[in-house]
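Engineer: Quick one, entry29.txt (compact mmCIF, C-alpha atoms):
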# COMPACT_ATOMS: atom_id res chain seq x y z
CA MET A 1392 -13.37 14.79 -10.78
CA ASN A 1393 -16.76 14.26 -12.46
CA PHE A 1394 -18.21 13.79 -8.97
CA ILE A 1395 -17.11 17.29 -7.95
CA ASP A 1396 -18.42 18.67 -11.22
CA SER A 1397 -21.82 17.07 -10.60
CA ILE A 1398 -22.02 18.34 -7.03
CA ILE A 1399 -21.22 21.90 -8.05
CA LYS A 1400 -23.62 21.71 -11.01
CA TYR A 1401 -26.50 20.63 -8.76
CA LEU A 1402 -25.47 23.23 -6.22
CA GLY A 1403 -25.91 25.83 -8.98
CA VAL A 1404 -29.36 24.47 -9.84
CA PHE A 1405 -30.32 24.52 -6.16
CA THR A 1406 -29.07 28.09 -5.89
CA ALA A 1407 -31.13 29.10 -8.93
CA PHE A 1408 -34.29 27.73 -7.29
CA ILE A 1409 -33.46 29.56 -4.07
CA LEU A 1410 -32.99 32.76 -6.09
CA VAL A 1411 -36.41 32.40 -7.71
CA PHE A 1412 -37.96 31.80 -4.28
CA LEU A 1413 -36.08 34.83 -2.92
CA ILE A 1414 -37.40 37.04 -5.73
CA LEU A 1415 -40.97 35.91 -5.08
CA LEU A 1416 -40.51 36.48 -1.35
CA VAL A 1417 -39.18 40.01 -1.87
CA VAL A 1418 -42.07 40.86 -4.21
CA TYR A 1419 -44.57 39.52 -1.67
CA ASP A 1420 -42.89 41.33 1.23
CA ALA A 1421 -42.66 44.65 -0.63
CA THR A 1422 -46.28 44.37 -1.80
CA ALA A 1423 -47.49 43.59 1.71
CA ARG A 1424 -45.45 46.39 3.23
CA TYR A 1425 -46.24 49.18 0.76
CA LEU A 1426 -49.77 48.34 -0.36
CA PHE A 1427 -51.21 46.83 2.82
CA SER A 1428 -48.93 48.37 5.50
CA THR A 1429 -48.13 44.98 6.97
CA GLY A 1430 -44.86 43.16 7.24
CA SER A 1431 -42.95 40.49 9.03
CA ILE A 1432 -39.53 40.61 10.66
CA ALA A 1433 -39.22 36.87 10.06
CA LEU A 1434 -39.83 37.28 6.31
CA GLN A 1435 -37.28 40.07 6.08
CA GLU A 1436 -34.71 37.94 7.91
CA LEU A 1437 -35.56 34.99 5.67
CA GLU A 1438 -34.77 37.20 2.68
CA TRP A 1439 -31.30 37.87 4.11
CA HIS A 1440 -30.75 34.19 4.85
CA LEU A 1441 -31.75 33.19 1.32
CA PHE A 1442 -29.51 35.92 -0.06
CA ASP A 1443 -26.67 34.33 1.95
CA VAL A 1444 -27.43 30.97 0.35
CA VAL A 1445 -27.38 32.47 -3.15
CA ILE A 1446 -24.09 34.30 -2.62
CA LEU A 1447 -22.25 31.57 -0.74
CA PHE A 1448 -23.32 28.66 -2.93
CA GLY A 1449 -23.03 30.72 -6.08
CA ILE A 1450 -19.30 31.21 -5.57
CA ALA A 1451 -18.27 27.65 -6.45
CA TYR A 1452 -20.75 27.46 -9.32
CA THR A 1453 -19.43 30.73 -10.74
CA LEU A 1454 -15.89 29.34 -10.63
CA ARG A 1455 -17.07 26.14 -12.33
CA GLU A 1456 -18.66 28.14 -15.14
CA LYS A 1457 -15.56 30.38 -15.52
CA ALA A 1458 -17.80 33.39 -14.89
CA HIS A 1459 -15.82 34.92 -12.04
CA VAL A 1460 -14.20 38.33 -12.17
CA ARG A 1461 -10.89 38.70 -13.97
CA VAL A 1462 -8.92 41.56 -15.36
CA ASP A 1463 -10.03 40.64 -18.87
CA ILE A 1464 -8.27 43.56 -20.49
CA PHE A 1465 -4.97 41.77 -19.79
CA TYR A 1466 -6.14 38.15 -19.60
CA ASN A 1467 -7.70 38.08 -23.06
CA SER A 1468 -4.45 39.13 -24.72
CA PHE A 1469 -2.44 36.27 -23.16
CA SER A 1470 -1.67 32.99 -24.93
CA GLU A 1471 -3.62 29.88 -23.94
CA LYS A 1472 -0.56 28.51 -22.11
CA THR A 1473 -0.20 31.73 -20.09
CA LYS A 1474 -3.93 31.81 -19.29
CA THR A 1475 -3.79 28.22 -18.12
CA PHE A 1476 -0.74 28.93 -15.98
CA ILE A 1477 -2.49 31.94 -14.41
CA ASN A 1478 -5.53 29.76 -13.68
CA ILE A 1479 -3.36 27.16 -11.93
CA ILE A 1480 -1.57 29.78 -9.83
CA SER A 1481 -4.88 31.47 -8.98
CA SER A 1482 -6.48 28.22 -7.88
CA LEU A 1483 -3.57 26.89 -5.85
CA PHE A 1484 -2.14 30.05 -4.33
CA PHE A 1485 -5.12 32.37 -3.99
CA ILE A 1486 -8.48 30.58 -4.00
CA LEU A 1487 -7.45 27.45 -2.11
CA PRO A 1488 -5.49 29.11 0.75
CA LEU A 1489 -8.17 31.77 1.25
CA SER A 1490 -10.90 29.11 1.25
CA LEU A 1491 -9.04 26.96 3.77
CA LEU A 1492 -8.48 29.98 6.00
CA ILE A 1493 -12.17 30.89 5.90
CA ILE A 1494 -13.15 27.28 6.66
CA TYR A 1495 -10.71 27.19 9.59
CA ILE A 1496 -11.92 30.48 11.08
CA SER A 1497 -15.61 29.95 10.43
CA ILE A 1498 -15.83 26.57 12.14
CA ASP A 1499 -15.36 28.19 15.57
CA PHE A 1500 -17.77 30.94 14.52
CA VAL A 1501 -20.45 28.34 13.71
CA ALA A 1502 -19.68 26.21 16.77
CA LEU A 1503 -20.12 29.20 19.08
CA SER A 1504 -23.39 30.11 17.40
CA PHE A 1505 -24.60 26.51 17.78
CA ALA A 1506 -23.48 26.27 21.42
CA GLN A 1507 -25.36 29.49 22.23
CA ASN A 1508 -28.39 28.33 20.23
CA GLU A 1509 -28.20 31.74 18.58
CA ILE A 1510 -31.45 33.31 17.49
CA SER A 1511 -32.41 36.67 16.06
CA SER A 1512 -32.23 39.59 18.44
CA ASN A 1513 -35.38 41.02 16.81
CA PRO A 1514 -38.78 40.16 18.27
CA GLY A 1515 -40.50 37.84 15.81
CA GLY A 1516 -37.18 37.06 14.10
CA LEU A 1517 -35.90 33.67 13.02
CA GLU A 1518 -34.44 31.04 15.28
CA TYR A 1519 -31.55 28.68 14.52
CA ARG A 1520 -29.21 31.34 13.16
CA TYR A 1521 -26.35 28.83 13.32
CA ILE A 1522 -27.84 27.00 10.34
CA VAL A 1523 -27.24 29.91 7.98
CA LYS A 1524 -23.84 30.53 9.58
CA ALA A 1525 -22.92 26.89 8.88
CA LEU A 1526 -23.27 27.64 5.17
CA MET A 1527 -20.03 29.65 5.28
CA PRO A 1528 -17.58 26.78 5.86
CA LEU A 1529 -19.68 24.49 3.67
CA ALA A 1530 -19.63 26.95 0.78
CA PHE A 1531 -15.87 27.29 1.00
CA VAL A 1532 -15.47 23.51 1.07
CA PHE A 1533 -17.30 23.47 -2.26
CA LEU A 1534 -15.13 26.31 -3.54
CA SER A 1535 -11.98 24.44 -2.45
CA LEU A 1536 -13.09 21.29 -4.24
CA GLN A 1537 -13.81 23.27 -7.40
CA ALA A 1538 -10.43 25.05 -7.20
CA ILE A 1539 -8.59 21.72 -6.82
CA LYS A 1540 -10.52 20.24 -9.75
CA ASP A 1541 -9.83 23.30 -11.91
CA ALA A 1542 -6.12 23.26 -11.02
CA LYS A 1543 -5.86 19.60 -12.03
CA VAL A 1544 -7.70 20.13 -15.31
CA ASP A 1545 -5.68 23.27 -16.09
CA PHE A 1546 -2.43 21.49 -15.26
CA ASP A 1547 -3.29 18.68 -17.69
CA ILE A 1548 -4.11 21.27 -20.37
CA TRP A 1549 -0.93 23.26 -19.63
CA ARG A 1550 1.22 20.13 -20.00
CA ALA A 1551 -0.43 19.33 -23.33
CA LEU A 1552 0.19 22.82 -24.75
Translate this structure into structure tokens?
Structural biologist:
Amino acid sequence: MNFIDSIIKYLGVFTAFILVFLILLVVYDATARYLFSTGSIALQELEWHLFDVVILFGIAYTLREKAHVRVDIFYNSFSEKTKTFINIISSLFFILPLSLLIIYISIDFVALSFAQNEISSNPGGLEYRYIVKALMPLAFVFLSLQAIKDAKVDFDIWRAL
């Protein structure tokens, strides 16, 4: 389980670097567009692709850090045993099935994009669109691994309580 923890931790660090690069790219693009009346379709598409990386890879890291959205108004008033039980149920019956469904559906989506050698429909846009589309099943593999790890850890805690 430490292996999964390490992977997700480094995925979070990678995502943070991508986010910094994305911020710098947006500042450059906005400055070029509004001050110098120039721009690039490819840069704008790259911004969207990097945003995809941040969102998709940030999901598993957010779960690892217990920073995901909850209904805290109810959750905070529960006992530790109830919270742990809710975490187990959430991981096994919500996060994991949804992740597996997205992986299953997105593999054909990515395969079709790869087979068509999908590129941007915009002149001057980016090529190899299937690369960013391939992040979807990969991101949900990471989320599934994190959900399984969390369920195991929470189950061990729940038994001890």
Engineer: For the contact check between region 1449-1549 of chain A and region 1393-1401 of chain A, emit one row per residue of region 1449-1549 of chain A within 8 Å, containing the shortest atom pair and the distance in Å rounded to one decimal, counting all atoms listed in the file, chain then rising number order, as a tab-separated table.
Structural biologist:
residue	atom	partner	partner_atom	distance
A:Ala1451	CA	A:Ile1399	CA	6.7
A:Tyr1452	CA	A:Ile1399	CA	5.7
A:Arg1455	CA	A:Ile1399	CA	7.3
A:Phe1533	CA	A:Ile1399	CA	7.2
A:Leu1536	CA	A:Ile1395	CA	6.8
A:Gln1537	CA	A:Ile1395	CA	6.9
A:Lys1540	CA	A:Ile1395	CA	7.4
Engineer: Scan for residues within 12 Å of the point (-34.2, 34.1, 18.4) in the coordinates of the file, using all atoms listed in the file, and reply as JSON, numbers by chain.
Structural biologist: {"A": [1432, 1433, 1436, 1504, 1507, 1508, 1509, 1510, 1511, 1512, 1513, 1514, 1515, 1516, 1517, 1518, 1519, 1520, 1521]}
Engineer: Could you tell me how far CA of Phe1412 (chain A) sits from CA of Ile1494 (chain A), in Å to one decimal place?
Structural biologist: 27.5 Å
Engineer: Quick one: distance from CA of Phe1531 (chain A) to CA of Ser1490 (chain A) in Å, one decimal?
Structural biologist: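 CA of Phe1531 (chain A) sits 5.3 Å away from CA of Ser1490 (chain A).
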Engineer: For Val1532 (chain A), which residue out of A:Val1404, A:Met1392, A:Ala1423, A:Leu1447 is the nearest one, using only C-alpha atoms?
Structural biologist: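 Distance minimum relative to Val1532 (chain A) lands on A:Leu1447.
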Engineer: State, in Å with one decimal place, the distance from CA of Ala1525 (chain A) to CA of Val1501 (chain A).
Structural biologist: 5.6 Å
Engineer: Which is closest to Leu1534 (chain A) among A:Leu1426, A:Leu1413, A:Ile1493, A:Leu1441, if we use only C-alpha atoms?
Structural biologist: A:Ile1493
Engineer: Go through A:Tyr1419, A:Phe1476, A:Phe1469, A:Phe1500 and flag the residue nearest Asp1545 (chain A), using all atoms listed in the file for the distances.
Structural biologist: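 Residue with the minimum atom-to-atom distance to Asp1545 (chain A): A:Phe1476.
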Engineer: Quick one: residues within 12 Å of Leu1552 (chain A), all atoms listed in the file counted, chain neighbours fewer than 6 positions away excluded, as a PDB file with C-alpha atoms, in the coordinates of the input?
Structural biologist:
ATOM      1  CA  SER A1470      -1.670  32.990 -24.930  1.00  0.00           C
ATOM      2  CA  GLU A1471      -3.620  29.880 -23.940  1.00  0.00           C
ATOM      3  CA  LYS A1472      -0.560  28.510 -22.110  1.00  0.00           C
ATOM      4  CA  THR A1473      -0.200  31.730 -20.090  1.00  0.00           C
ATOM      5  CA  LYS A1474      -3.930  31.810 -19.290  1.00  0.00           C
ATOM      6  CA  THR A1475      -3.790  28.220 -18.120  1.00  0.00           C
ATOM      7  CA  PHE A1476      -0.740  28.930 -15.980  1.00  0.00           C
ATOM      8  CA  ASP A1545      -5.680  23.270 -16.090  1.00  0.00           C
ATOM      9  CA  PHE A1546      -2.430  21.490 -15.260  1.00  0.00           C
TER      10      PHE A1546
END
Engineer: Give me the residues near Leu1492 (chain A) as a list in words, where near means some atom within 12 Å (using only C-alpha atoms) and where sequence neighbours in that chain fewer than 5 positions away do not count.
Structural biologist: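 After dropping sequence-adjacent residues, the list is Phe1485, Ile1486, Leu1487, Ser1497, Ile1498, Asp1499, Met1527, Pro1528, Phe1531, Val1532 and Ser1535 of chain A.
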Engineer: For Ala1530 (chain A), which residue out of A:Val1411, A:Gly1403, A:Val1418, A:Ser1468 is the nearest one, using only C-alpha atoms?
Structural biologist: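 The answer is A:Gly1403, which sits nearest to Ala1530 (chain A).
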Engineer: Save region 1445-1479 of chain A to disk from that block, C-alpha atoms included, as a tab-separated table (two decimals), in the first residue's frame.
Structural biologist:
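For reference, selection_5.tsv as written:
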chain	number	residue	atom	x	y	z
A	1445	VAL	CA	-4.45	19.15	-13.44
A	1446	ILE	CA	-8.07	18.12	-12.97
A	1447	LEU	CA	-7.72	14.45	-13.87
A	1448	PHE	CA	-4.53	13.79	-11.94
A	1449	GLY	CA	-5.63	15.98	-9.06
A	1450	ILE	CA	-8.60	13.74	-8.31
A	1451	ALA	CA	-6.61	10.85	-6.83
A	1452	TYR	CA	-4.27	13.20	-4.97
A	1453	THR	CA	-7.24	15.04	-3.48
A	1454	LEU	CA	-8.68	11.73	-2.26
A	1455	ARG	CA	-5.29	10.78	-0.79
A	1456	GLU	CA	-5.13	14.06	1.13
A	1457	LYS	CA	-8.76	13.72	2.34
A	1458	ALA	CA	-9.49	17.08	0.73
A	1459	HIS	CA	-12.44	16.00	-1.40
A	1460	VAL	CA	-15.94	17.36	-1.03
A	1461	ARG	CA	-18.13	16.00	1.75
A	1462	VAL	CA	-21.25	17.13	3.48
A	1463	ASP	CA	-19.22	18.27	6.47
A	1464	ILE	CA	-22.20	19.65	8.33
A	1465	PHE	CA	-23.29	16.04	8.94
A	1466	TYR	CA	-19.95	14.22	8.68
A	1467	ASN	CA	-18.22	16.22	11.40
A	1468	SER	CA	-20.88	15.34	13.96
A	1469	PHE	CA	-20.48	11.57	13.44
A	1470	SER	CA	-18.36	9.31	15.64
A	1471	GLU	CA	-15.00	8.11	14.32
A	1472	LYS	CA	-16.43	4.62	13.76
A	1473	THR	CA	-19.33	6.03	11.71
A	1474	LYS	CA	-17.00	8.27	9.70
A	1475	THR	CA	-14.74	5.33	8.96
A	1476	PHE	CA	-17.71	3.19	7.93
A	1477	ILE	CA	-18.95	5.96	5.60
A	1478	ASN	CA	-15.46	6.20	4.08
A	1479	ILE	CA	-15.39	2.44	3.40
